[in-house]
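> So here's structure05.cif, just mmCIF, C-alpha atoms and all ligand atoms:
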```cif
data_entry
loop_
_atom_site.label_atom_id
_atom_site.label_comp_id
_atom_site.auth_asym_id
_atom_site.auth_seq_id
_atom_site.Cartn_x
_atom_site.Cartn_y
_atom_site.Cartn_z
CA MET I 677 39.16 -15.09 94.69
CA THR I 678 37.50 -18.42 94.17
CA LEU I 679 37.85 -20.37 90.93
CA ARG I 680 34.26 -19.63 90.02
CA GLU I 681 34.78 -15.85 90.48
CA ARG I 682 37.98 -16.02 88.45
CA LEU I 683 36.18 -17.80 85.54
CA GLU I 684 33.35 -15.23 85.62
CA TRP I 685 35.89 -12.40 85.46
CA ILE I 686 37.63 -13.99 82.41
CA PHE I 687 34.31 -14.49 80.66
CA ARG I 688 33.28 -10.83 81.25
CA MET I 689 36.64 -9.59 79.96
CA ALA I 690 36.37 -11.79 76.85
CA LEU I 691 32.84 -10.46 76.18
CA LEU I 692 34.06 -6.89 76.58
CA VAL I 693 36.95 -7.45 74.17
CA PHE I 694 34.56 -9.04 71.63
CA ILE I 695 32.10 -6.11 71.85
CA LEU I 696 34.92 -3.56 71.50
CA ALA I 697 36.40 -5.42 68.51
CA SER I 698 32.96 -5.60 66.80
CA VAL I 699 32.37 -1.86 67.30
CA ALA I 700 35.85 -1.08 65.90
CA PHE I 701 35.27 -3.33 62.87
CA LEU I 702 31.86 -1.79 62.07
CA SER I 703 33.27 1.74 62.44
CA ALA I 704 36.10 0.93 60.03
CA LEU I 705 33.66 -0.55 57.52
CA THR I 706 31.39 2.52 57.64
CA ALA I 707 34.35 4.88 57.31
CA MET I 708 35.62 2.97 54.26
CA ARG I 709 32.18 3.07 52.64
CA PHE I 710 31.93 6.83 53.14
CA ALA I 711 35.46 7.29 51.79
CA ILE I 712 34.68 5.28 48.63
CA GLN I 713 31.27 6.92 48.03
CA GLY I 714 32.81 10.32 48.44
CA ARG I 715 35.10 9.52 45.45
CA GLU I 716 32.21 8.49 43.15
CA VAL I 717 30.57 10.73 40.55
CA SER I 718 27.58 10.43 38.26
CA VAL I 719 28.46 10.03 34.53
CA PRO I 720 27.12 12.98 32.49
CA ASP I 721 25.10 12.48 29.26
CA VAL I 722 27.51 13.40 26.45
CA VAL I 723 25.67 11.76 23.50
CA GLY I 724 24.88 14.42 20.88
CA LYS I 725 27.54 16.75 22.31
CA ASN I 726 30.58 17.93 20.40
CA ALA I 727 33.76 15.97 21.30
CA VAL I 728 35.40 19.03 22.90
CA GLU I 729 32.27 19.83 24.92
CA ALA I 730 31.99 16.17 25.98
CA GLN I 731 35.61 16.17 27.12
CA GLN I 732 35.03 19.29 29.22
CA MET I 733 31.88 17.80 30.79
CA LEU I 734 33.68 14.58 31.69
CA GLN I 735 36.81 16.32 32.95
CA GLY I 736 34.58 18.57 35.07
CA ARG I 737 33.55 15.44 37.00
CA GLY I 738 37.05 14.03 37.18
CA LEU I 739 36.52 11.46 34.40
CA VAL I 740 38.84 10.73 31.46
CA ILE I 741 37.47 10.69 27.89
CA LYS I 742 38.66 7.82 25.66
CA VAL I 743 37.66 7.79 21.95
CA GLU I 744 36.80 4.16 21.28
CA ASP I 745 35.91 4.47 17.57
CA ARG I 746 34.91 6.85 14.78
CA LEU I 747 32.16 5.84 12.35
CA TYR I 748 29.87 7.23 9.66
CA ASN I 749 26.61 8.43 11.21
CA PRO I 750 23.74 10.82 10.39
CA LEU I 751 24.97 13.01 13.31
CA PRO I 752 27.34 15.86 12.35
CA VAL I 753 31.13 15.33 12.34
CA ASP I 754 32.83 15.16 15.78
CA VAL I 755 29.59 14.60 17.70
CA VAL I 756 29.40 11.76 20.28
CA VAL I 757 27.24 8.89 18.98
CA ARG I 758 27.51 6.45 21.93
CA GLN I 759 29.02 6.40 25.42
CA THR I 760 29.99 3.83 28.04
CA PRO I 761 29.27 3.91 31.00
CA PRO I 762 25.73 5.17 30.43
CA PRO I 763 24.58 8.56 31.74
CA GLY I 764 23.68 8.62 35.43
CA MET I 765 25.83 5.62 36.42
CA LYS I 766 27.98 6.14 39.54
CA VAL I 767 31.68 5.57 38.84
CA LYS I 768 34.94 6.28 40.61
CA ILE I 769 36.75 9.54 39.91
CA GLY I 770 39.53 9.03 37.37
CA GLN I 771 37.66 6.27 35.49
CA GLU I 772 37.66 6.31 31.65
CA ALA I 773 34.47 7.14 29.76
CA HIS I 774 34.50 5.48 26.32
CA VAL I 775 32.86 7.39 23.46
CA VAL I 776 32.22 6.75 19.74
CA ILE I 777 32.54 9.85 17.58
CA SER I 778 30.65 10.55 14.34
CA LEU I 779 32.46 11.01 11.03
CA GLY I 780 29.24 12.54 9.65
CA PRO I 781 27.05 10.99 6.93
CA GLN I 782 28.97 8.82 4.45
CA GLN I 783 29.72 10.75 1.28
CA ALA I 784 29.39 9.25 -2.20
CA THR I 785 31.14 10.60 -5.27
CA ILE I 786 28.46 11.34 -7.84
CA PRO I 787 29.61 10.50 -11.36
CA ALA I 788 29.04 13.04 -14.14
CA LEU I 789 25.77 11.93 -15.73
CA THR I 790 25.04 14.53 -18.38
CA ASP I 791 24.77 12.83 -21.79
CA ARG I 792 25.19 9.42 -20.12
CA SER I 793 22.74 6.53 -20.31
CA VAL I 794 19.80 5.50 -18.12
CA ARG I 795 22.07 2.74 -16.74
CA ALA I 796 24.56 5.39 -15.53
CA ALA I 797 21.67 7.09 -13.72
CA ARG I 798 20.68 3.79 -12.10
CA ILE I 799 24.27 3.13 -10.92
CA ALA I 800 24.47 6.68 -9.52
CA ALA I 801 21.20 6.07 -7.65
CA GLN I 802 22.67 2.87 -6.17
CA HIS I 803 25.51 5.06 -4.80
CA GLY I 804 22.96 7.22 -3.00
CA ALA I 805 22.46 10.00 -5.57
CA LYS I 806 18.97 11.34 -6.16
CA VAL I 807 18.43 10.80 -9.86
CA MET I 808 15.71 12.39 -11.96
CA LEU I 809 14.75 10.73 -15.22
CA ALA I 810 12.81 12.90 -17.68
CA GLU I 811 11.18 10.66 -20.29
CA GLU I 812 8.92 11.76 -23.15
CA TYR I 813 7.50 8.29 -23.84
CA ARG I 814 7.85 5.26 -21.54
CA VAL I 815 10.59 4.96 -18.94
CA GLY I 816 13.01 2.23 -19.95
CA GLY I 817 15.00 3.73 -22.80
CA THR I 818 15.35 2.83 -26.46
CA CYS I 819 16.94 -0.58 -25.81
CA VAL I 820 14.11 -1.94 -23.68
CA ILE I 821 11.09 -0.15 -25.15
CA ARG I 822 11.96 0.28 -28.86
CA GLY I 823 15.31 -1.34 -29.67
CA CYS I 824 17.23 -4.41 -28.49
CA VAL I 825 14.46 -6.28 -26.68
CA PRO I 826 11.55 -5.93 -29.17
CA LYS I 827 13.96 -6.53 -32.07
CA LYS I 828 15.22 -9.77 -30.49
CA LEU I 829 11.69 -11.04 -29.86
CA LEU I 830 10.77 -10.41 -33.52
CA VAL I 831 14.01 -12.03 -34.77
CA TYR I 832 13.43 -15.13 -32.60
CA ALA I 833 9.86 -15.36 -33.99
CA SER I 834 11.14 -15.21 -37.59
CA ARG I 835 13.38 -18.28 -37.14
CA PHE I 836 10.58 -20.81 -36.57
CA ARG I 837 9.37 -20.83 -40.20
CA ALA I 838 12.66 -22.29 -41.50
CA ASP I 839 12.70 -24.82 -38.64
CA PHE I 840 9.16 -26.04 -39.42
CA GLU I 841 10.01 -26.35 -43.16
CA GLU I 842 13.21 -28.29 -42.53
CA ALA I 843 11.86 -30.47 -39.72
CA ALA I 844 10.28 -33.05 -42.09
CA GLY I 845 13.70 -33.71 -43.72
CA TYR I 846 14.98 -34.74 -40.28
CA GLY I 847 12.15 -37.19 -39.67
CA TRP I 848 9.77 -34.93 -37.80
CA THR I 849 6.05 -34.90 -38.55
CA VAL I 850 4.85 -31.34 -38.06
CA PRO I 851 1.09 -30.70 -38.18
CA GLN I 852 -0.03 -27.88 -40.50
CA TRP I 853 1.57 -24.81 -38.95
CA SER I 854 0.35 -21.25 -39.23
CA PHE I 855 1.46 -17.84 -38.08
CA ASP I 856 -0.60 -15.07 -36.44
CA TRP I 857 1.04 -11.63 -36.57
CA PRO I 858 -1.37 -9.90 -34.07
CA THR I 859 -0.61 -12.64 -31.46
CA LEU I 860 3.17 -12.08 -31.82
CA ILE I 861 2.83 -8.29 -31.52
CA ALA I 862 0.46 -8.57 -28.53
CA ASN I 863 2.86 -10.95 -26.72
CA LYS I 864 5.84 -8.75 -27.59
CA ASP I 865 4.01 -5.71 -26.14
CA LYS I 866 3.13 -7.72 -23.01
CA GLU I 867 6.81 -8.60 -22.48
CA ILE I 868 7.92 -4.96 -22.99
CA ALA I 869 5.27 -3.84 -20.47
CA ARG I 870 6.65 -6.40 -17.98
CA LEU I 871 10.15 -4.92 -18.39
CA LYS I 872 9.05 -1.35 -17.61
CA LEU I 873 10.92 0.19 -14.67
CA GLU I 874 7.67 0.51 -12.70
CA SER I 875 7.01 -3.23 -13.01
CA MET I 876 10.57 -3.94 -11.77
CA GLY I 877 9.94 -2.20 -8.45
CA HIS I 878 11.39 1.21 -9.28
CA LYS I 879 9.36 4.04 -7.76
CA LEU I 880 8.44 6.63 -10.36
CA ASP I 881 6.92 9.91 -9.23
CA LYS I 882 5.14 12.59 -11.19
CA LEU I 883 7.14 15.83 -11.47
CA THR I 884 6.69 18.41 -8.73
CA PRO I 885 6.18 22.04 -9.89
CA GLU I 886 9.84 22.76 -8.88
CA GLN I 887 11.09 19.83 -10.96
CA GLU I 888 8.98 20.95 -13.95
CA HIS I 889 10.44 24.44 -13.62
CA TYR I 890 13.98 22.99 -13.40
CA LEU I 891 13.35 20.78 -16.44
CA ALA I 892 11.97 23.69 -18.47
CA SER I 893 15.00 25.87 -17.68
CA TRP I 894 17.32 22.91 -18.43
CA GLN I 895 15.67 22.38 -21.86
CA GLU I 896 16.05 26.09 -22.56
CA GLY I 897 19.73 25.75 -21.65
CA THR I 898 19.59 28.27 -18.77
C1 LIG F 1 15.96 -1.03 -33.32
C2 LIG F 1 17.15 -0.93 -32.39
C3 LIG F 1 17.79 -2.09 -31.97
C4 LIG F 1 18.89 -2.03 -31.11
N1 LIG F 1 19.49 -3.19 -30.72
C5 LIG F 1 20.55 -3.17 -29.90
C6 LIG F 1 21.17 -4.38 -29.47
O1 LIG F 1 20.75 -5.48 -29.80
N2 LIG F 1 22.22 -4.29 -28.63
C7 LIG F 1 22.69 -3.06 -28.22
O2 LIG F 1 23.66 -3.04 -27.47
N3 LIG F 1 22.13 -1.91 -28.60
C8 LIG F 1 21.06 -1.93 -29.44
N4 LIG F 1 20.48 -0.76 -29.82
C9 LIG F 1 21.04 0.49 -29.33
C10 LIG F 1 20.58 0.81 -27.89
O3 LIG F 1 19.16 0.82 -27.85
C11 LIG F 1 21.12 2.15 -27.50
O4 LIG F 1 22.52 2.13 -27.66
C12 LIG F 1 20.81 2.45 -26.08
O5 LIG F 1 19.43 2.37 -25.87
C13 LIG F 1 21.31 3.84 -25.73
O6 LIG F 1 20.97 4.07 -24.35
P1 LIG F 1 20.81 5.53 -23.75
O7 LIG F 1 20.49 5.35 -22.30
O8 LIG F 1 22.03 6.31 -24.10
O9 LIG F 1 19.62 6.24 -24.49
P2 LIG F 1 18.17 5.75 -24.75
O10 LIG F 1 17.95 4.36 -24.26
O11 LIG F 1 17.86 6.02 -26.21
O12 LIG F 1 17.33 6.71 -23.83
C14 LIG F 1 17.00 8.04 -24.22
C15 LIG F 1 15.57 8.27 -23.80
O13 LIG F 1 15.30 9.69 -23.88
C16 LIG F 1 13.99 9.88 -24.31
N5 LIG F 1 13.95 11.23 -24.87
C17 LIG F 1 14.51 11.68 -26.02
N6 LIG F 1 14.28 13.01 -26.15
C18 LIG F 1 13.58 13.40 -25.04
C19 LIG F 1 13.05 14.66 -24.61
N7 LIG F 1 13.22 15.77 -25.31
N8 LIG F 1 12.38 14.71 -23.43
C20 LIG F 1 12.23 13.57 -22.69
N9 LIG F 1 12.69 12.36 -23.07
C21 LIG F 1 13.36 12.28 -24.24
C22 LIG F 1 13.74 8.77 -25.32
O14 LIG F 1 12.36 8.49 -25.42
C23 LIG F 1 14.55 7.61 -24.72
O15 LIG F 1 13.72 6.76 -23.95
C24 LIG F 1 19.37 -0.77 -30.66
C25 LIG F 1 18.71 0.42 -31.04
C26 LIG F 1 17.62 0.33 -31.92
C27 LIG F 1 16.91 1.60 -32.34
#
```
For the file at hand, write its structure as C-alpha cells.
Ligand SMILES: Cc1cc2nc3c(=O)[nH]c(=O)nc-3n(C[C@H](O)[C@H](O)[C@H](O)COP(=O)(O)OP(=O)(O)OC[C@H]3O[C@@H](n4cnc5c(N)ncnc54)[C@H](O)[C@@H]3O)c2cc1C


Amino acid sequence: MTLRERLEWIFRMALLVFILASVAFLSALTAMRFAIQGREVSVPDVVGKNAVEAQQMLQGRGLVIKVEDRLYNPLPVDVVVRQTPPPGMKVKIGQEAHVVISLGPQQATIPALTDRSVRAARIAAQHGAKVMLAEEYRVGGTCVIRGCVPKKLLVYASRFRADFEEAAGYGWTVPQWSFDWPTLIANKDKEIARLKLESMGHKLDKLTPEQEHYLASWQEGT
C-alpha cells in the first residue's frame, strides 16, 4: 500500500467515525427530549375550585399543592383565589403548584345602634354596615340643624355690639354701625344648609316600599 492509499484510508475511517459519532449524539439528544417531555403535564385551572377539589385535580396530574397564602376575598371560604403556574402551562411531574386560598369576605362587627346617635350610625357605616337614617325634618340631627351650630352662630353675632361700643375707648374710630337681623338669619340658614349631609357628599336615597314597611312596623314596635 502506497503512502497516498494509506492516507486516503485514514481519512475515510476518520469520516466514518465522525458520522457515526454524530448519529449517536443526535439519537441521544432526541431520546432525552422524549424522556423529558413524557414527564411533563399541563397545569389544570383550579381558580374558583374548593381547596380539596383543587388538591385532587393537581394530584391527579402528579403535581403537589402548596398553600402560599390565605386572604380576605369576595370568593367563599376555602376557594382558590390565585394559582402559580398558570393553567395550561407545561411543567414537570412532581412540581409544586402554589395557590392562594380565600378566607371569605372580611367581616365587621356591627355595634348596637338602637337609641344611639347619628354619629354612631356614621361610624357603623364606615365599618361597612348598611345604615338607614329615618329623619322627620332635615338629615343632620339636632346639633347641626337646630342646636349647637345655629346657637353658636347667633352667640358669635351677639358679641360684636359690645366690641363696637368699647372700641372707641381703645382708640378705634368706628363708623356708625348698625345691625340687620334678617341678614344674620339668612346667613345662618345658608351655613346650616351647607352643613347638610347631602352637601357633604353623603348619598341619601328616598325610602323603598320595603323600607317604608319596615319603618312603619318598627314605629309600631312590631
Ligand atoms: C339649642 C341647642 C343647643 C345645643 N348646643 C349644644 C352644644 O353646644 N354642644 C353639645 O355638645 N350639644 C349641644 N346640644 C345638644 C345636642 O344637639 C344633642 O346632644 C345631640 O344633637 C344629640 O344627638 P343625637 O344623634 O342623639 O340626636 P339628634 O341629633 O337630636 O337626632 C335625632 C333626630 O331624630 C329626628 N326625629 C325625632 N323623632 C323622629 C321621628 N318620629 N321620625 C323621624 N325622625 C325623628 C329629629 O328630627 C332629629 O334630627 C344642643 C341642643 C340644643 C337643642

> Show me which residues sit within 7 Å of ligand LIG 1 (chain F) when counting all atoms listed in the file, and put them as a list in words.

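Residues lying within 7 Å of ligand LIG 1 (chain F): Arg792, Ser793, Val794, Arg795, Ala810, Glu811, Glu812, Tyr813, Arg814, Val815, Gly816, Gly817, Thr818, Cys819, Arg822, Gly823, Cys824 and Lys827 of chain I.
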
> Would you pick out the contacts of stretch 717-733 of chain I at 7 Å or less, using all atoms listed in the file, so that residues sharing its chain but fewer than 2 positions from it are not included, and give the list as a PDB file with C-alpha atoms, in the coordinates of the input?


```pdb
ATOM      1  CA  ARG I 715      35.100   9.520  45.450  1.00  0.00           C
ATOM      2  CA  GLN I 735      36.810  16.320  32.950  1.00  0.00           C
ATOM      3  CA  GLY I 736      34.580  18.570  35.070  1.00  0.00           C
ATOM      4  CA  ARG I 737      33.550  15.440  37.000  1.00  0.00           C
ATOM      5  CA  ILE I 741      37.470  10.690  27.890  1.00  0.00           C
ATOM      6  CA  ASP I 754      32.830  15.160  15.780  1.00  0.00           C
ATOM      7  CA  VAL I 755      29.590  14.600  17.700  1.00  0.00           C
ATOM      8  CA  VAL I 756      29.400  11.760  20.280  1.00  0.00           C
ATOM      9  CA  VAL I 757      27.240   8.890  18.980  1.00  0.00           C
ATOM     10  CA  ARG I 758      27.510   6.450  21.930  1.00  0.00           C
ATOM     11  CA  GLN I 759      29.020   6.400  25.420  1.00  0.00           C
ATOM     12  CA  PRO I 762      25.730   5.170  30.430  1.00  0.00           C
ATOM     13  CA  PRO I 763      24.580   8.560  31.740  1.00  0.00           C
ATOM     14  CA  GLY I 764      23.680   8.620  35.430  1.00  0.00           C
ATOM     15  CA  MET I 765      25.830   5.620  36.420  1.00  0.00           C
ATOM     16  CA  LYS I 766      27.980   6.140  39.540  1.00  0.00           C
ATOM     17  CA  VAL I 767      31.680   5.570  38.840  1.00  0.00           C
ATOM     18  CA  LYS I 768      34.940   6.280  40.610  1.00  0.00           C
ATOM     19  CA  ILE I 769      36.750   9.540  39.910  1.00  0.00           C
TER      20      ILE I 769
END
```

> Quick check, in Å to one decimal: how far apart do atom CA of I:Thr760 and atom CA of I:Val775 lie?

6.5 Å

> Quick one: pull the distance between atom CA of I:Pro851 and atom CA of I:Asn863, Å, one decimal.

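Value for the atom CA of I:Pro851-atom CA of I:Asn863 distance: 22.9 Å.
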
> Between atom CA of I:Tyr748 and atom CA of I:Gln802, measure the distance and give it in Å to one decimal.

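Those two atoms sit 17.9 Å apart.
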
> Would you mind putting back N, CA and C atoms on stretch 825-843 of chain I, then writing it out as an mmCIF file, in the coordinates of the input?


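Final file, out26.cif:
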```
data_model
loop_
_atom_site.group_PDB
_atom_site.id
_atom_site.type_symbol
_atom_site.label_atom_id
_atom_site.label_comp_id
_atom_site.auth_asym_id
_atom_site.auth_seq_id
_atom_site.Cartn_x
_atom_site.Cartn_y
_atom_site.Cartn_z
ATOM 1 N N VAL I 825 15.362 -5.222 -27.164
ATOM 2 C CA VAL I 825 14.460 -6.280 -26.680
ATOM 3 C C VAL I 825 13.352 -6.588 -27.700
ATOM 4 N N PRO I 826 12.569 -5.585 -28.182
ATOM 5 C CA PRO I 826 11.550 -5.930 -29.170
ATOM 6 C C PRO I 826 12.144 -6.522 -30.451
ATOM 7 N N LYS I 827 13.315 -5.985 -30.861
ATOM 8 C CA LYS I 827 13.960 -6.530 -32.070
ATOM 9 C C LYS I 827 14.275 -8.009 -31.886
ATOM 10 N N LYS I 828 14.834 -8.373 -30.715
ATOM 11 C CA LYS I 828 15.220 -9.770 -30.490
ATOM 12 C C LYS I 828 14.002 -10.688 -30.498
ATOM 13 N N LEU I 829 12.909 -10.210 -29.889
ATOM 14 C CA LEU I 829 11.690 -11.040 -29.860
ATOM 15 C C LEU I 829 11.200 -11.297 -31.284
ATOM 16 N N LEU I 830 11.245 -10.257 -32.140
ATOM 17 C CA LEU I 830 10.770 -10.410 -33.520
ATOM 18 C C LEU I 830 11.730 -11.321 -34.315
ATOM 19 N N VAL I 831 13.031 -11.186 -34.074
ATOM 20 C CA VAL I 831 14.010 -12.030 -34.770
ATOM 21 C C VAL I 831 13.834 -13.495 -34.362
ATOM 22 N N TYR I 832 13.652 -13.743 -33.041
ATOM 23 C CA TYR I 832 13.430 -15.130 -32.600
ATOM 24 C C TYR I 832 12.178 -15.703 -33.294
ATOM 25 N N ALA I 833 11.119 -14.887 -33.383
ATOM 26 C CA ALA I 833 9.860 -15.360 -33.990
ATOM 27 C C ALA I 833 10.082 -15.731 -35.449
ATOM 28 N N SER I 834 10.948 -14.986 -36.144
ATOM 29 C CA SER I 834 11.140 -15.210 -37.590
ATOM 30 C C SER I 834 11.856 -16.541 -37.874
ATOM 31 N N ARG I 835 12.574 -17.072 -36.893
ATOM 32 C CA ARG I 835 13.380 -18.280 -37.140
ATOM 33 C C ARG I 835 12.545 -19.554 -37.260
ATOM 34 N N PHE I 836 11.355 -19.558 -36.664
ATOM 35 C CA PHE I 836 10.580 -20.810 -36.570
ATOM 36 C C PHE I 836 10.146 -21.324 -37.949
ATOM 37 N N ARG I 837 9.866 -20.400 -38.893
ATOM 38 C CA ARG I 837 9.370 -20.830 -40.200
ATOM 39 C C ARG I 837 10.354 -21.813 -40.833
ATOM 40 N N ALA I 838 11.636 -21.429 -40.890
ATOM 41 C CA ALA I 838 12.660 -22.290 -41.500
ATOM 42 C C ALA I 838 12.724 -23.635 -40.754
ATOM 43 N N ASP I 839 12.626 -23.574 -39.417
ATOM 44 C CA ASP I 839 12.700 -24.820 -38.640
ATOM 45 C C ASP I 839 11.546 -25.764 -38.984
ATOM 46 N N PHE I 840 10.316 -25.190 -39.084
ATOM 47 C CA PHE I 840 9.160 -26.040 -39.420
ATOM 48 C C PHE I 840 9.355 -26.666 -40.801
ATOM 49 N N GLU I 841 9.862 -25.856 -41.776
ATOM 50 C CA GLU I 841 10.010 -26.350 -43.160
ATOM 51 C C GLU I 841 11.053 -27.459 -43.235
ATOM 52 N N GLU I 842 12.124 -27.314 -42.447
ATOM 53 C CA GLU I 842 13.210 -28.290 -42.530
ATOM 54 C C GLU I 842 12.977 -29.515 -41.645
ATOM 55 N N ALA I 843 12.053 -29.403 -40.712
ATOM 56 C CA ALA I 843 11.860 -30.470 -39.720
ATOM 57 C C ALA I 843 11.540 -31.820 -40.382
#
```
